[in-house]
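To start, the structure under review is shown below, and the notes come after it.
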Amino acid sequence: MTQSPAERIPGRSGPVRIGERAARTLVTELARRNDPKAALLVDASPESAVLAAAIDALLPGDTLTVVPAEPAGARALREHVTAQGRWVADRVRVVDSLAEADAAEVVIAAEPLTGTAEQARTAVDGLVKYLSEGSVLSVAAPVFRTEGAAAELDRQGVLHGVGTDLVLRNSPPVRVHHLRFTPASPALAARLAPAHRPSSVPLTRGMHIDSNGVAAAGIALGLAAVARVVRPKSKLWLLPALAAGPVAAFFRDPERDVPEDPSAVVAAADGQVLSVQRLHDERFGDGEWLRIAVFLSVLDVHVNRAPVPGKVVDYFVADGGFVNAMKPDAEHNVAAYTVLDTDHGTVVVAQRTGLIARRIVQRAPIGALLARGERFGLIRFGSRTDVYLPADAAEPLVGPGDKVIGGSTVIARWR
């Protein structure tokens, strides 16, 4: 009988466990695909949070093949699946070993890799064989290990990564890697829902805080605590303590209703439209571009979203200054350009710094597929976000002075 990766790697099912939040992150690629698909879950057990998350993510046309962590566990898994009811039992198949599984669009390792680098490489190689063209392998490793399996997955992420998520709310924290070993068609992005990202920390059902905001608020509260200890009779500690709330609010990340209209181009950020113009930019290819520039004040949401579904094919940063983003000279500010390949041609999103904004965060590596309205980065403290569209293919629906909401407002429509 062929052994599963878990059997080949001693200690893989050690003290590191995947909790509910990390499980949801592992099954992101399964949950976000709206078309019928086949998924493969390896190293599962009846009590696995990843199994529960994978079952919850299933749609009517989906199938899920489950490989137990140990061959003897297949019976318990089958009983567990049957107990979930007929709807689940009709879509979930439990096999005795990985050798019995078929190729799948999504492959998920239910247990984190904790062995040596060589063992991790062997496990990944064993799972790659079950990936269909353009499919994704999702696997986790402990964060605070700088060698062995964690280092190997970091290396694999550099070569094949299309997304990496740090999940601190796990015991211990883990890093989830989404790996794609063969190219995916940009057309697939149109069939995806925005991915779940643990970098967005939920406060309520409709409001999140980006992890940058959590860190900034923590630093402010830490400074307040130090000031209180160093100068107990002074009220100086109140300044950073009171600043923690507003600083966190700068990084608020509300849920948005993304239009389903396939012809819609949505705003990449909240703010006010500065300009709508046609221009040429040889960096993105020949032809004329329609550029819609949006200014983000310090009071606007700073999270950036993909205006259209597409595949990230290039990313580069242009050096420059830090002029007020509302002024024409902001054209030459530091900017990060994310280039998307779409069904309608090339689309570019430029994240520009401003007078206060000095830090751009971009979380979509080359090769990643972005759904319309999906979060892909942010700019800290006010800035400007430009969307470049093929001028002959798009019709603008907004003008200077209009207020737009990232991920929701339709700023243009494909002809």
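Chain identifiers are assigned as A, B, and so on, following the order in which chains appear in the structure tokens; residues are numbered from 1 within each chain, and ligands are numbered from 1 in order of appearance.
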Which residues come within 12 Å of A:Leu203, counting only C-alpha atoms, excluding same-chain residues fewer than 3 positions away, as a CSV table (one decimal) with all heavy atoms, in the first residue's frame?
chain,number,residue,atom,x,y,z
A,200,SER,N,-6.7,40.6,7.7
A,200,SER,CA,-7.9,41.4,8.1
A,200,SER,C,-8.5,40.9,9.3
A,200,SER,O,-9.2,39.8,9.3
A,200,SER,CB,-8.9,41.5,6.9
A,200,SER,OG,-9.9,42.4,7.2
A,206,GLY,N,-19.3,43.2,9.9
A,206,GLY,CA,-19.1,44.0,8.8
A,206,GLY,C,-17.8,44.9,8.8
A,206,GLY,O,-17.6,45.6,7.9
A,207,MET,N,-17.1,44.8,9.9
A,207,MET,CA,-15.9,45.7,10.1
A,207,MET,C,-14.7,44.9,10.5
A,207,MET,O,-14.8,44.1,11.5
A,207,MET,CB,-16.2,46.8,11.1
A,207,MET,CG,-15.0,47.7,11.3
A,207,MET,SD,-14.4,48.6,9.7
A,207,MET,CE,-15.8,49.7,9.4
A,208,HIS,N,-13.6,45.1,9.8
A,208,HIS,CA,-12.3,44.5,10.2
A,208,HIS,C,-11.3,45.6,10.4
A,208,HIS,O,-11.5,46.7,10.0
A,208,HIS,CB,-11.8,43.5,9.0
A,208,HIS,CG,-12.7,42.4,8.8
A,208,HIS,ND1,-12.3,41.1,8.7
A,208,HIS,CD2,-14.1,42.3,8.5
A,208,HIS,CE1,-13.3,40.3,8.4
A,208,HIS,NE2,-14.4,41.0,8.3
A,209,ILE,N,-10.1,45.2,11.0
A,209,ILE,CA,-9.0,46.0,11.1
A,209,ILE,C,-7.8,45.3,10.4
A,209,ILE,O,-7.6,44.1,10.7
A,209,ILE,CB,-8.6,46.4,12.5
A,209,ILE,CG1,-9.8,47.2,13.2
A,209,ILE,CG2,-7.3,47.1,12.6
A,209,ILE,CD1,-9.9,48.6,12.6
A,210,ASP,N,-7.1,46.0,9.5
A,210,ASP,CA,-5.9,45.3,8.9
A,210,ASP,C,-4.9,45.1,10.0
A,210,ASP,O,-4.8,45.9,11.0
A,210,ASP,CB,-5.4,46.2,7.8
A,210,ASP,CG,-4.3,45.5,7.0
A,210,ASP,OD1,-4.6,44.8,6.1
A,210,ASP,OD2,-3.1,45.7,7.4
A,211,SER,N,-4.1,44.0,9.8
A,211,SER,CA,-3.1,43.7,10.8
A,211,SER,C,-2.1,44.8,11.1
A,211,SER,O,-1.6,44.9,12.2
A,211,SER,CB,-2.3,42.4,10.4
A,211,SER,OG,-1.8,42.6,9.1
A,214,VAL,N,-3.6,46.8,13.8
A,214,VAL,CA,-3.4,46.1,15.1
A,214,VAL,C,-2.0,46.4,15.7
A,214,VAL,O,-1.8,46.7,16.8
A,214,VAL,CB,-3.7,44.6,15.0
A,214,VAL,CG1,-3.5,43.9,16.3
A,214,VAL,CG2,-5.2,44.4,14.6
A,248,ALA,N,-5.6,52.9,14.9
A,248,ALA,CA,-6.2,51.7,14.5
A,248,ALA,C,-7.3,52.0,13.4
A,248,ALA,O,-7.5,51.2,12.5
A,248,ALA,CB,-6.7,50.9,15.7
A,249,ALA,N,-8.0,53.1,13.7
A,249,ALA,CA,-9.1,53.4,12.8
A,249,ALA,C,-8.6,53.7,11.4
A,249,ALA,O,-9.4,53.5,10.4
A,249,ALA,CB,-9.9,54.6,13.3
A,252,ARG,N,-9.0,50.6,9.3
A,252,ARG,CA,-10.2,49.9,9.2
A,252,ARG,C,-10.4,49.3,7.8
A,252,ARG,O,-10.0,49.8,6.8
A,252,ARG,CB,-11.4,50.8,9.6
A,252,ARG,CG,-11.7,51.9,8.7
A,252,ARG,CD,-12.6,52.9,9.3
A,252,ARG,NE,-13.0,54.0,8.4
A,252,ARG,CZ,-12.2,55.0,8.1
A,252,ARG,NH1,-11.0,55.2,8.7
A,252,ARG,NH2,-12.6,56.0,7.3
A,253,ASP,N,-11.1,48.1,7.8
A,253,ASP,CA,-11.2,47.4,6.6
A,253,ASP,C,-12.7,46.8,6.5
A,253,ASP,O,-12.9,45.6,6.9
A,253,ASP,CB,-10.2,46.3,6.6
A,253,ASP,CG,-10.3,45.4,5.3
A,253,ASP,OD1,-10.9,45.8,4.4
A,253,ASP,OD2,-9.6,44.4,5.3
A,254,PRO,N,-13.6,47.6,6.1
A,254,PRO,CA,-15.0,47.1,6.1
A,254,PRO,C,-15.3,46.1,5.0
A,254,PRO,O,-14.7,46.2,4.0
A,254,PRO,CB,-15.8,48.4,5.9
A,254,PRO,CG,-14.9,49.3,5.2
A,254,PRO,CD,-13.5,49.0,5.7
A,255,GLU,N,-16.3,45.3,5.3
A,255,GLU,CA,-16.7,44.4,4.2
A,255,GLU,C,-17.5,45.2,3.2
A,255,GLU,O,-18.1,46.2,3.5
A,255,GLU,CB,-17.7,43.3,4.8
A,255,GLU,CG,-17.0,42.3,5.7
A,255,GLU,CD,-16.1,41.4,4.9
A,255,GLU,OE1,-16.3,41.3,3.7
A,255,GLU,OE2,-15.2,40.8,5.5
- Near-A:Ala195 list (10 Å; only C-alpha atoms; drop same-chain fewer than 4 positions) as a VMD selection string: chain A and resid 25 27 to 33 369 to 371 373 to 376
Residues within 12 Å of A:Pro307, only C-alpha atoms, excluding chain neighbours under 5 positions, as a short mmCIF file (atom, residue, chain, number, x, y, z; two decimals) with all heavy atoms, in the first residue's frame:
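The resulting result_39.cif:
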data_model
loop_
_atom_site.label_atom_id
_atom_site.label_comp_id
_atom_site.auth_asym_id
_atom_site.auth_seq_id
_atom_site.Cartn_x
_atom_site.Cartn_y
_atom_site.Cartn_z
N ALA A 190 -12.28 35.40 -13.07
CA ALA A 190 -13.67 35.86 -13.14
C ALA A 190 -14.62 34.91 -12.41
O ALA A 190 -15.76 35.28 -12.11
CB ALA A 190 -14.10 36.02 -14.60
N PRO A 194 -13.62 36.99 -3.74
CA PRO A 194 -12.46 37.51 -2.99
C PRO A 194 -12.00 36.53 -1.93
O PRO A 194 -12.81 35.93 -1.21
CB PRO A 194 -13.01 38.81 -2.37
CG PRO A 194 -14.08 39.25 -3.32
CD PRO A 194 -14.73 37.97 -3.79
N VAL A 258 -19.59 43.60 -3.48
CA VAL A 258 -18.93 43.73 -4.78
C VAL A 258 -19.93 43.41 -5.88
O VAL A 258 -20.58 42.36 -5.86
CB VAL A 258 -17.72 42.77 -4.87
CG1 VAL A 258 -17.02 42.93 -6.21
CG2 VAL A 258 -16.75 43.04 -3.73
N PRO A 259 -20.09 44.30 -6.87
CA PRO A 259 -21.03 44.04 -7.97
C PRO A 259 -20.67 42.76 -8.73
O PRO A 259 -19.49 42.47 -8.94
CB PRO A 259 -20.86 45.27 -8.88
CG PRO A 259 -20.28 46.33 -8.00
CD PRO A 259 -19.43 45.61 -6.99
N PRO A 262 -20.33 41.36 -14.82
CA PRO A 262 -19.01 41.08 -15.40
C PRO A 262 -18.42 42.26 -16.16
O PRO A 262 -17.21 42.29 -16.42
CB PRO A 262 -19.27 39.89 -16.33
CG PRO A 262 -20.73 39.95 -16.63
CD PRO A 262 -21.38 40.50 -15.40
N SER A 263 -19.24 43.25 -16.53
CA SER A 263 -18.73 44.40 -17.27
C SER A 263 -18.28 45.54 -16.35
O SER A 263 -17.77 46.55 -16.82
CB SER A 263 -19.79 44.93 -18.24
OG SER A 263 -20.88 45.50 -17.53
N ALA A 264 -18.45 45.37 -15.03
CA ALA A 264 -18.17 46.45 -14.09
C ALA A 264 -16.69 46.51 -13.72
O ALA A 264 -16.04 45.49 -13.49
CB ALA A 264 -19.00 46.27 -12.82
N VAL A 265 -16.17 47.73 -13.64
CA VAL A 265 -14.84 48.01 -13.11
C VAL A 265 -15.07 48.81 -11.83
O VAL A 265 -15.68 49.89 -11.86
CB VAL A 265 -13.99 48.84 -14.08
CG1 VAL A 265 -12.62 49.14 -13.47
CG2 VAL A 265 -13.84 48.12 -15.41
N VAL A 266 -14.63 48.29 -10.70
CA VAL A 266 -14.91 48.95 -9.42
C VAL A 266 -13.72 49.78 -8.96
O VAL A 266 -12.59 49.59 -9.42
CB VAL A 266 -15.29 47.91 -8.33
CG1 VAL A 266 -16.52 47.13 -8.74
CG2 VAL A 266 -14.12 46.97 -8.04
N ALA A 267 -13.99 50.69 -8.04
CA ALA A 267 -12.94 51.54 -7.49
C ALA A 267 -11.93 50.69 -6.74
O ALA A 267 -12.29 49.75 -6.03
CB ALA A 267 -13.53 52.59 -6.56
N ALA A 268 -10.64 51.03 -6.88
CA ALA A 268 -9.58 50.31 -6.18
C ALA A 268 -9.39 50.82 -4.77
O ALA A 268 -8.67 50.20 -3.98
CB ALA A 268 -8.27 50.42 -6.95
N ALA A 269 -10.02 51.95 -4.43
CA ALA A 269 -9.86 52.52 -3.09
C ALA A 269 -11.01 53.48 -2.82
O ALA A 269 -11.69 53.95 -3.74
CB ALA A 269 -8.52 53.25 -2.98
N ASP A 270 -11.22 53.80 -1.55
CA ASP A 270 -12.15 54.85 -1.16
C ASP A 270 -11.52 56.21 -1.44
O ASP A 270 -10.29 56.34 -1.38
CB ASP A 270 -12.46 54.76 0.33
CG ASP A 270 -13.29 53.53 0.69
OD1 ASP A 270 -13.26 52.56 -0.09
OD2 ASP A 270 -13.93 53.53 1.74
N ILE A 292 -8.06 56.65 -14.17
CA ILE A 292 -8.95 57.23 -13.17
C ILE A 292 -8.18 57.31 -11.86
O ILE A 292 -7.80 56.28 -11.28
CB ILE A 292 -10.23 56.37 -13.01
CG1 ILE A 292 -10.96 56.28 -14.35
CG2 ILE A 292 -11.15 56.97 -11.95
CD1 ILE A 292 -12.17 55.37 -14.34
N THR A 338 0.85 47.39 -9.92
CA THR A 338 0.43 46.01 -10.04
C THR A 338 -0.24 45.83 -11.39
O THR A 338 -1.25 46.49 -11.68
CB THR A 338 -0.55 45.62 -8.91
OG1 THR A 338 0.10 45.80 -7.64
CG2 THR A 338 -0.99 44.18 -9.05
N VAL A 339 0.32 44.98 -12.23
CA VAL A 339 -0.15 44.79 -13.60
C VAL A 339 -0.96 43.50 -13.68
O VAL A 339 -0.47 42.43 -13.30
CB VAL A 339 1.02 44.74 -14.59
CG1 VAL A 339 0.51 44.63 -16.02
CG2 VAL A 339 1.90 45.99 -14.43
N LEU A 340 -2.19 43.60 -14.18
CA LEU A 340 -3.10 42.47 -14.28
C LEU A 340 -3.35 42.11 -15.73
O LEU A 340 -3.55 42.99 -16.58
CB LEU A 340 -4.44 42.78 -13.61
CG LEU A 340 -4.43 43.16 -12.13
CD1 LEU A 340 -5.84 43.57 -11.70
CD2 LEU A 340 -3.92 42.02 -11.29
N THR A 342 -6.13 40.47 -17.99
CA THR A 342 -7.57 40.22 -17.88
C THR A 342 -8.14 39.82 -19.23
O THR A 342 -7.47 39.89 -20.26
CB THR A 342 -8.32 41.47 -17.36
OG1 THR A 342 -8.49 42.39 -18.45
CG2 THR A 342 -7.55 42.14 -16.24
N VAL A 347 -4.65 45.65 -17.32
CA VAL A 347 -5.16 46.64 -16.37
C VAL A 347 -4.07 46.86 -15.33
O VAL A 347 -3.45 45.90 -14.86
CB VAL A 347 -6.47 46.18 -15.71
CG1 VAL A 347 -6.89 47.14 -14.60
CG2 VAL A 347 -7.58 46.05 -16.75
N VAL A 348 -3.85 48.13 -14.96
CA VAL A 348 -2.80 48.46 -14.00
C VAL A 348 -3.39 49.25 -12.84
O VAL A 348 -4.22 50.14 -13.04
CB VAL A 348 -1.67 49.29 -14.66
CG1 VAL A 348 -0.55 49.57 -13.66
CG2 VAL A 348 -1.12 48.57 -15.88
N VAL A 349 -2.97 48.90 -11.63
CA VAL A 349 -3.32 49.68 -10.44
C VAL A 349 -2.05 50.27 -9.87
O VAL A 349 -1.09 49.54 -9.59
CB VAL A 349 -4.02 48.82 -9.37
CG1 VAL A 349 -4.40 49.69 -8.17
CG2 VAL A 349 -5.25 48.14 -9.94
N ALA A 350 -2.02 51.60 -9.71
CA ALA A 350 -0.87 52.30 -9.15
C ALA A 350 -1.20 52.78 -7.74
O ALA A 350 -2.16 53.50 -7.54
CB ALA A 350 -0.48 53.48 -10.03
N LEU A 370 -6.65 37.45 -8.78
CA LEU A 370 -7.42 38.34 -7.93
C LEU A 370 -8.86 38.41 -8.45
O LEU A 370 -9.08 38.61 -9.65
CB LEU A 370 -6.82 39.75 -7.92
CG LEU A 370 -5.42 39.90 -7.31
CD1 LEU A 370 -4.95 41.34 -7.43
CD2 LEU A 370 -5.44 39.48 -5.83
N ALA A 371 -9.80 38.28 -7.55
CA ALA A 371 -11.21 38.46 -7.91
C ALA A 371 -11.54 39.95 -7.89
O ALA A 371 -10.83 40.75 -7.29
CB ALA A 371 -12.10 37.71 -6.92
N ARG A 372 -12.62 40.32 -8.55
CA ARG A 372 -13.06 41.70 -8.50
C ARG A 372 -13.37 42.09 -7.05
O ARG A 372 -14.08 41.39 -6.33
CB ARG A 372 -14.32 41.90 -9.36
CG ARG A 372 -14.85 43.32 -9.35
CD ARG A 372 -16.18 43.45 -10.07
NE ARG A 372 -16.06 43.19 -11.50
CZ ARG A 372 -16.45 42.08 -12.10
NH1 ARG A 372 -17.01 41.10 -11.38
NH2 ARG A 372 -16.30 41.91 -13.40
N GLY A 373 -12.80 43.20 -6.59
CA GLY A 373 -13.04 43.67 -5.24
C GLY A 373 -12.20 43.02 -4.17
O GLY A 373 -12.36 43.32 -2.98
N GLU A 374 -11.26 42.15 -4.56
CA GLU A 374 -10.43 41.46 -3.57
C GLU A 374 -9.35 42.37 -3.01
O GLU A 374 -8.70 43.12 -3.74
CB GLU A 374 -9.78 40.23 -4.21
CG GLU A 374 -8.93 39.42 -3.25
CD GLU A 374 -8.49 38.09 -3.84
OE1 GLU A 374 -9.09 37.65 -4.85
OE2 GLU A 374 -7.54 37.49 -3.30
N ARG A 375 -9.14 42.32 -1.71
CA ARG A 375 -8.08 43.09 -1.07
C ARG A 375 -6.72 42.60 -1.57
O ARG A 375 -6.47 41.40 -1.61
CB ARG A 375 -8.13 42.92 0.45
CG ARG A 375 -9.47 43.28 1.10
CD ARG A 375 -9.47 42.82 2.55
NE ARG A 375 -10.67 43.18 3.28
CZ ARG A 375 -11.76 42.40 3.37
NH1 ARG A 375 -11.78 41.23 2.75
NH2 ARG A 375 -12.80 42.80 4.07
N PHE A 376 -5.83 43.54 -1.91
CA PHE A 376 -4.49 43.10 -2.32
C PHE A 376 -3.40 43.95 -1.70
O PHE A 376 -2.21 43.68 -1.89
CB PHE A 376 -4.36 43.11 -3.85
CG PHE A 376 -4.24 44.49 -4.46
CD1 PHE A 376 -2.99 45.07 -4.65
CD2 PHE A 376 -5.36 45.19 -4.84
CE1 PHE A 376 -2.87 46.33 -5.21
CE2 PHE A 376 -5.26 46.44 -5.41
CZ PHE A 376 -4.00 47.02 -5.59
N THR A 385 -4.61 56.45 -5.51
CA THR A 385 -4.65 55.18 -6.22
C THR A 385 -5.19 55.42 -7.62
O THR A 385 -6.26 55.99 -7.79
CB THR A 385 -5.54 54.15 -5.50
OG1 THR A 385 -5.03 53.93 -4.18
CG2 THR A 385 -5.55 52.83 -6.24
N ASP A 386 -4.43 55.01 -8.63
CA ASP A 386 -4.82 55.18 -10.03
C ASP A 386 -5.14 53.84 -10.65
O ASP A 386 -4.44 52.84 -10.40
CB ASP A 386 -3.69 55.83 -10.84
CG ASP A 386 -3.30 57.20 -10.32
OD1 ASP A 386 -4.05 57.76 -9.49
OD2 ASP A 386 -2.25 57.72 -10.75
N VAL A 387 -6.17 53.81 -11.49
CA VAL A 387 -6.52 52.62 -12.25
C VAL A 387 -6.35 52.94 -13.74
O VAL A 387 -6.93 53.92 -14.24
CB VAL A 387 -7.97 52.17 -11.97
CG1 VAL A 387 -8.35 51.01 -12.88
CG2 VAL A 387 -8.13 51.77 -10.51
N TYR A 388 -5.54 52.14 -14.43
CA TYR A 388 -5.31 52.30 -15.86
C TYR A 388 -6.08 51.20 -16.60
O TYR A 388 -5.90 50.01 -16.33
CB TYR A 388 -3.83 52.15 -16.19
CG TYR A 388 -2.92 53.22 -15.64
CD1 TYR A 388 -2.55 53.24 -14.30
CD2 TYR A 388 -2.40 54.21 -16.47
CE1 TYR A 388 -1.70 54.21 -13.79
CE2 TYR A 388 -1.53 55.18 -15.99
CZ TYR A 388 -1.19 55.18 -14.65
OH TYR A 388 -0.34 56.14 -14.15
N LEU A 389 -6.91 51.61 -17.56
CA LEU A 389 -7.70 50.69 -18.37
C LEU A 389 -7.42 50.94 -19.85
O LEU A 389 -7.13 52.08 -20.24
CB LEU A 389 -9.19 50.89 -18.10
CG LEU A 389 -9.66 50.78 -16.64
CD1 LEU A 389 -11.09 51.31 -16.53
CD2 LEU A 389 -9.58 49.36 -16.16
N ILE A 405 -16.31 54.34 -3.43
CA ILE A 405 -16.08 53.37 -2.36
C ILE A 405 -15.38 52.16 -2.97
O ILE A 405 -15.88 51.54 -3.92
CB ILE A 405 -17.40 52.93 -1.71
CG1 ILE A 405 -18.09 54.15 -1.06
CG2 ILE A 405 -17.15 51.85 -0.66
CD1 ILE A 405 -19.46 53.83 -0.50
N GLY A 406 -14.21 51.84 -2.43
CA GLY A 406 -13.40 50.74 -2.96
C GLY A 406 -14.14 49.42 -2.95
O GLY A 406 -14.72 49.03 -1.93
N GLY A 407 -14.11 48.73 -4.07
CA GLY A 407 -14.75 47.42 -4.18
C GLY A 407 -16.22 47.46 -4.48
O GLY A 407 -16.81 46.43 -4.81
N SER A 408 -16.86 48.64 -4.38
CA SER A 408 -18.31 48.73 -4.57
C SER A 408 -18.71 49.68 -5.69
O SER A 408 -19.55 49.35 -6.52
CB SER A 408 -18.99 49.19 -3.27
OG SER A 408 -18.91 48.19 -2.27
N THR A 409 -18.13 50.88 -5.72
CA THR A 409 -18.52 51.87 -6.72
C THR A 409 -18.03 51.45 -8.10
O THR A 409 -16.84 51.15 -8.28
CB THR A 409 -17.96 53.26 -6.38
OG1 THR A 409 -18.41 53.65 -5.09
CG2 THR A 409 -18.40 54.28 -7.41
N VAL A 410 -18.92 51.45 -9.08
CA VAL A 410 -18.54 51.13 -10.46
C VAL A 410 -18.00 52.41 -11.08
O VAL A 410 -18.74 53.37 -11.29
CB VAL A 410 -19.72 50.58 -11.26
CG1 VAL A 410 -19.31 50.26 -12.69
CG2 VAL A 410 -20.27 49.33 -10.59
N ILE A 411 -16.71 52.44 -11.39
CA ILE A 411 -16.06 53.63 -11.92
C ILE A 411 -15.99 53.61 -13.45
O ILE A 411 -15.78 54.65 -14.08
CB ILE A 411 -14.66 53.84 -11.34
CG1 ILE A 411 -13.74 52.65 -11.68
CG2 ILE A 411 -14.72 54.06 -9.83
CD1 ILE A 411 -12.29 52.85 -11.29
N ALA A 412 -16.15 52.45 -14.04
CA ALA A 412 -16.10 52.30 -15.49
C ALA A 412 -16.79 51.00 -15.87
O ALA A 412 -17.06 50.15 -15.01
CB ALA A 412 -14.66 52.32 -16.01
N ARG A 413 -17.07 50.88 -17.16
CA ARG A 413 -17.70 49.66 -17.64
C ARG A 413 -17.05 49.24 -18.95
O ARG A 413 -16.73 50.08 -19.80
CB ARG A 413 -19.21 49.90 -17.84
CG ARG A 413 -20.02 48.61 -17.92
CD ARG A 413 -21.51 48.93 -17.97
NE ARG A 413 -21.99 49.63 -16.79
CZ ARG A 413 -22.26 49.06 -15.63
NH1 ARG A 413 -22.10 47.75 -15.50
NH2 ARG A 413 -22.70 49.77 -14.61
N TRP A 414 -16.82 47.94 -19.07
CA TRP A 414 -16.26 47.44 -20.32
C TRP A 414 -17.27 47.62 -21.45
O TRP A 414 -18.47 47.37 -21.26
CB TRP A 414 -15.88 45.97 -20.21
CG TRP A 414 -14.79 45.67 -19.22
CD1 TRP A 414 -14.89 44.89 -18.10
CD2 TRP A 414 -13.43 46.11 -19.26
NE1 TRP A 414 -13.70 44.83 -17.44
CE2 TRP A 414 -12.77 45.57 -18.14
CE3 TRP A 414 -12.71 46.91 -20.15
CZ2 TRP A 414 -11.43 45.80 -17.87
CZ3 TRP A 414 -11.37 47.17 -19.88
CH2 TRP A 414 -10.73 46.60 -18.76
#
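For A:His80, the list of residues within 12 Å, based on only C-alpha atoms and with local chain neighbours fewer than 2 positions off taken out, reads A:Ala44, A:Ser45, A:Pro46, A:Glu47, A:Ser48, A:Leu51, A:Ala52, A:Ile55, A:Val66, A:Pro68, A:Gly73, A:Ala74, A:Arg75, A:Ala76, A:Leu77, A:Arg78, A:Thr82, A:Ala83, A:Gln84, A:Gly85, A:Arg86, A:Val88, A:Ala89, A:Val92, A:Arg93, A:Val94.
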Would you output that residue set with N, CA and C atoms, as a short mmCIF file (atom, residue, chain, number, x, y, z; two decimals), in the first residue's frame?
data_model
loop_
_atom_site.label_atom_id
_atom_site.label_comp_id
_atom_site.auth_asym_id
_atom_site.auth_seq_id
_atom_site.Cartn_x
_atom_site.Cartn_y
_atom_site.Cartn_z
N ALA A 44 -6.19 13.90 6.90
CA ALA A 44 -7.34 14.35 7.68
C ALA A 44 -7.71 13.35 8.76
N SER A 45 -8.42 13.84 9.75
CA SER A 45 -8.99 13.01 10.81
C SER A 45 -10.39 13.55 11.10
N PRO A 46 -11.25 12.76 11.74
CA PRO A 46 -12.62 13.22 11.98
C PRO A 46 -12.69 14.52 12.76
N GLU A 47 -11.73 14.75 13.67
CA GLU A 47 -11.77 15.96 14.49
C GLU A 47 -11.03 17.14 13.86
N SER A 48 -10.53 16.97 12.65
CA SER A 48 -9.75 18.02 11.98
C SER A 48 -10.58 19.25 11.68
N LEU A 51 -10.89 19.64 7.88
CA LEU A 51 -11.96 18.85 7.27
C LEU A 51 -13.30 19.57 7.41
N ALA A 52 -13.57 20.09 8.61
CA ALA A 52 -14.83 20.81 8.83
C ALA A 52 -14.93 22.04 7.93
N ILE A 55 -15.57 20.94 4.25
CA ILE A 55 -16.97 20.52 4.05
C ILE A 55 -17.87 21.75 3.98
N VAL A 66 -10.95 12.62 0.52
CA VAL A 66 -10.25 12.75 1.79
C VAL A 66 -9.34 11.56 2.01
N PRO A 68 -6.93 9.78 4.86
CA PRO A 68 -6.69 9.83 6.31
C PRO A 68 -5.21 9.99 6.63
N GLY A 73 -7.35 4.96 9.85
CA GLY A 73 -8.34 5.98 10.18
C GLY A 73 -9.43 6.15 9.14
N ALA A 74 -9.35 5.43 8.02
CA ALA A 74 -10.34 5.59 6.96
C ALA A 74 -11.75 5.24 7.43
N ARG A 75 -11.86 4.20 8.24
CA ARG A 75 -13.19 3.78 8.71
C ARG A 75 -13.84 4.87 9.55
N ALA A 76 -13.08 5.44 10.47
CA ALA A 76 -13.62 6.50 11.32
C ALA A 76 -14.02 7.72 10.50
N LEU A 77 -13.23 8.01 9.48
CA LEU A 77 -13.56 9.15 8.61
C LEU A 77 -14.86 8.89 7.85
N ARG A 78 -15.03 7.68 7.35
CA ARG A 78 -16.26 7.36 6.61
C ARG A 78 -17.48 7.48 7.52
N THR A 82 -20.55 10.10 6.90
CA THR A 82 -21.92 9.61 6.83
C THR A 82 -22.81 10.31 7.85
N ALA A 83 -22.25 10.57 9.02
CA ALA A 83 -23.03 11.23 10.08
C ALA A 83 -23.39 12.67 9.74
N GLN A 84 -22.69 13.26 8.74
CA GLN A 84 -22.98 14.64 8.36
C GLN A 84 -24.25 14.77 7.53
N GLY A 85 -24.78 13.65 7.09
CA GLY A 85 -25.99 13.69 6.28
C GLY A 85 -25.71 13.35 4.83
N ARG A 86 -26.79 13.14 4.09
CA ARG A 86 -26.66 12.67 2.72
C ARG A 86 -25.99 13.72 1.82
N VAL A 88 -23.64 15.82 2.39
CA VAL A 88 -22.18 15.74 2.52
C VAL A 88 -21.68 14.39 2.01
N ALA A 89 -22.36 13.32 2.39
CA ALA A 89 -21.92 11.98 2.00
C ALA A 89 -21.88 11.80 0.48
N VAL A 92 -18.47 13.77 -0.59
CA VAL A 92 -17.19 13.50 0.06
C VAL A 92 -16.89 12.01 -0.03
N ARG A 93 -15.71 11.70 -0.57
CA ARG A 93 -15.26 10.30 -0.70
C ARG A 93 -14.00 10.10 0.13
N VAL A 94 -14.01 9.10 0.97
CA VAL A 94 -12.84 8.77 1.79
C VAL A 94 -12.12 7.59 1.16
#
- Would you mind telling me which residue in A:Asn212, A:Thr164, A:Gln351, A:Ser132 lies nearest to A:Arg197 when using only C-alpha atoms? A:Thr164
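The coordinates place atom CA of A:Leu26 at 8.1 Å from atom CA of A:Ala109.
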- Task: Within 8 Å of A:Asp319, counting only C-alpha atoms, which residues show up once you throw out same-chain ones fewer than 2 positions away? Write them as number ranges by chain, please.
- Result: A: 317, 321, 333-335
- Show which residues sit within 12 Å of A:Leu238, as a PyMOL selection string. Count only C-alpha atoms, and ignore same-chain residues fewer than 2 positions away. chain A and resi 220-228+231-236+240-245
- Those in stretch 79-310 of chain A with helix (DSSP H, G or I) from DSSP, as number ranges by chain: A: 79-83, 86-89, 98-100, 117-128, 149-160, 186-191, 211-230, 238-250, 282-284
- From A:Gln156, A:Thr182, A:Ser199, A:Gln119, residue lying nearest A:Glu105 [only C-alpha atoms]: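 Using only C-alpha atoms, the shortest distance to A:Glu105 belongs to A:Thr182.
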- Run DSSP on the backbone and give me the residues of stretch 93-337 of chain A it puts in strand (DSSP E), as a PyMOL selection string. chain A and resi 93-94+104-109+131-142+161-167+174-179+200-202+207-210+252-254+264-266+271-280+288-296+303-305+310-318+335-337
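Considering only C-alpha atoms, the residue among A:Leu166, A:Val247, A:Val128, A:Leu192 positioned nearest to A:Pro36 is A:Leu192.
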- Item | Within 12 Å of A:Ser185 using only C-alpha atoms, minus same-chain residues under 4 positions, as a list in words |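 Non-adjacent residues within range: Glu133, Gly134, Ser135, Arg180, Ala189, Ala190, Arg191, Pro309, Gly310, Lys311, Val312, Val313, Leu340, Asp341, Thr342, Asp343, Gly367, Ala368, Leu369 and Leu370 of chain A.
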